[in-house]
Amino acid sequence: MVLKLLKKSPKVTTRHFKRKVLLIGDGAVGKTSLVRKFVTDKFDDKYIATIGTKVTKKELDIKGQGQNILLTLMIWDVLGQKGYKTVQSASFKGADGVILVCDFTRVETLRSLEEYWLPNIGTNIKKLNSVFVANKSDLKTEAQFSFEDLQNIAVKYDSRAYTSSAKTGENVEQLFLTLGKTLINIETKEEIKVSITPEDMPKEMSVVDATDLIINDFCKSFGDMEVAMPVIRKQFTKAGVDITNPTIEGLSEVINLLALVERDFNDERTTQENKSRRYLMLKRVKD
Ligand code: G3D
Ligand code: MG
């Protein structure tokens, strides 16, 4: 009987890979729309500012000679606002690939790939498979730069450039697939260190800096950023805090709400200590 079953086993083997891909670029360039289009093949014109990091899972079947590959892409839609450096570098941890997105209709989003996002990754990840994308190609008449401008940057980093449109779907699948395929073959992963700890807290900081530290601090005590982020997002919404314009009062409420959540997985003393430390971060905000 066992022999019979063994004989029937299929000749084609399936190998399973899991890879982490980052989506980065300025706010409103179309990162969330690109993931949504790729994962559900829908384009939603409603814009909801991404709070924290959203992780979307997509499974790809890649057929090859004699073997099938199941590739699970974990796509990390990183907060597009500049300034949230701690959260961003924590999200970069363990990444295998990165999609750098800019917006055809705003030349400053192209510039900030080199001026902000690349230096940011550079300090964290030594070698990363990447793809450069100029999104909103459907708005050709409003373009502020050419595809060649993007290509010139991409070649500097041994990378490929694409135009895309989350609206029409142009190249959306191709860019994720191309990157995905290059990621199958990588053997080793470069681990990065998150540099800022609450102890390194600056004496004075902006509200955004404090928000960034508080989010990171909660993720650390939670132990798993992938799971912590949706929790954090929910508490921000509950407190009515707009991540693009946080206030001290709003953050104070967020700290309270996070402590309530934390009670479920930490003992009372640790929860109180963590809460106090986060209030301390808030106190360092310069008026
Ligand atoms: P982000 O995640 O990078 O911050 P979003 O960006 O995906 O939230 O998109 C920001 C805005 O750009 C949204 O418009 C969205 O509908 C629009 N957008 C995204 N991709 C495309 C595209 O390929 N073509 C066009 N024409 N628009 C796009 P609103 O108006 O809601 O702010
Ligand atoms: Mg977004």
# chains A, B, ... in the order shown; residues from 1 in each chain; ligands from 1
>>> select_by_dssp(residues="segment 98-154 of chain A", states="helix (DSSP H, G or I)", output="list of chain:residue names")
A:Val107, A:Glu108, A:Thr109, A:Leu110, A:Arg111, A:Ser112, A:Leu113, A:Glu114, A:Glu115, A:Tyr116, A:Trp117, A:Leu118, A:Pro119, A:Asn120, A:Ile121, A:Gly122, A:Lys140, A:Thr141, A:Glu142, A:Phe147, A:Glu148, A:Asp149, A:Leu150, A:Gln151, A:Asn152, A:Ile153, A:Ala154
>>> residues_around(residues="segment 108-122 of chain A", least_positions_apart="5", cutoff="7 Å", atoms="only C-alpha atoms", output="PyMOL selection string")
chain A and resi 25-26+102-103
>>> closest_residue(among="A:Asn216, A:Gln235, A:Gln144, A:Thr270", to="Thr86 of chain A", atoms="only C-alpha atoms")
A:Asn216
>>> closest_residue(among="A:Leu23, A:Leu213, A:Met225, A:Leu282", to="Lys85 of chain A", atoms="only C-alpha atoms")
A:Leu213
>>> atom_distance(atom1="atom CA of Ile69 of chain A", atom2="atom CA of Val98 of chain A")
20.7 Å
>>> closest_residue(among="A:Leu70, A:Leu260, A:Ile248, A:Val101", to="Phe17 of chain A", atoms="only C-alpha atoms")
A:Leu70
>>> residues_near_ligand(ligand="ligand 1", cutoff="10 Å", atoms="only C-alpha atoms and all ligand atoms", output="ChimeraX atom specification")
/A:23-37,43-51,54,77-81,101-105,134-140,163-170,172
>>> residues_around(residues="Leu258 of chain A", least_positions_apart="4", cutoff="8 Å", atoms="only C-alpha atoms", output="count of residues only")
5
>>> closest_residue(among="A:Glu148, A:Asp96, A:Asp217, A:Glu142", to="Arg277 of chain A", atoms="only C-alpha atoms")
A:Asp217
>>> closest_residue(among="A:Thr244, A:Ser89, A:Ser276, A:Thr178", to="ligand 2", atoms="only C-alpha atoms and all ligand atoms")
A:Thr244
>>> closest_residue(among="A:Gly180, A:Gly66, A:Gly250, A:Pro230", to="Lys18 of chain A", atoms="only C-alpha atoms")
A:Gly180
>>> atom_distance(atom1="atom CA of Arg284 of chain A", atom2="atom CA of Ile255 of chain A")
14.7 Å
>>> atom_distance(atom1="atom CA of Glu204 of chain A", atom2="atom CA of Arg278 of chain A")
14.2 Å
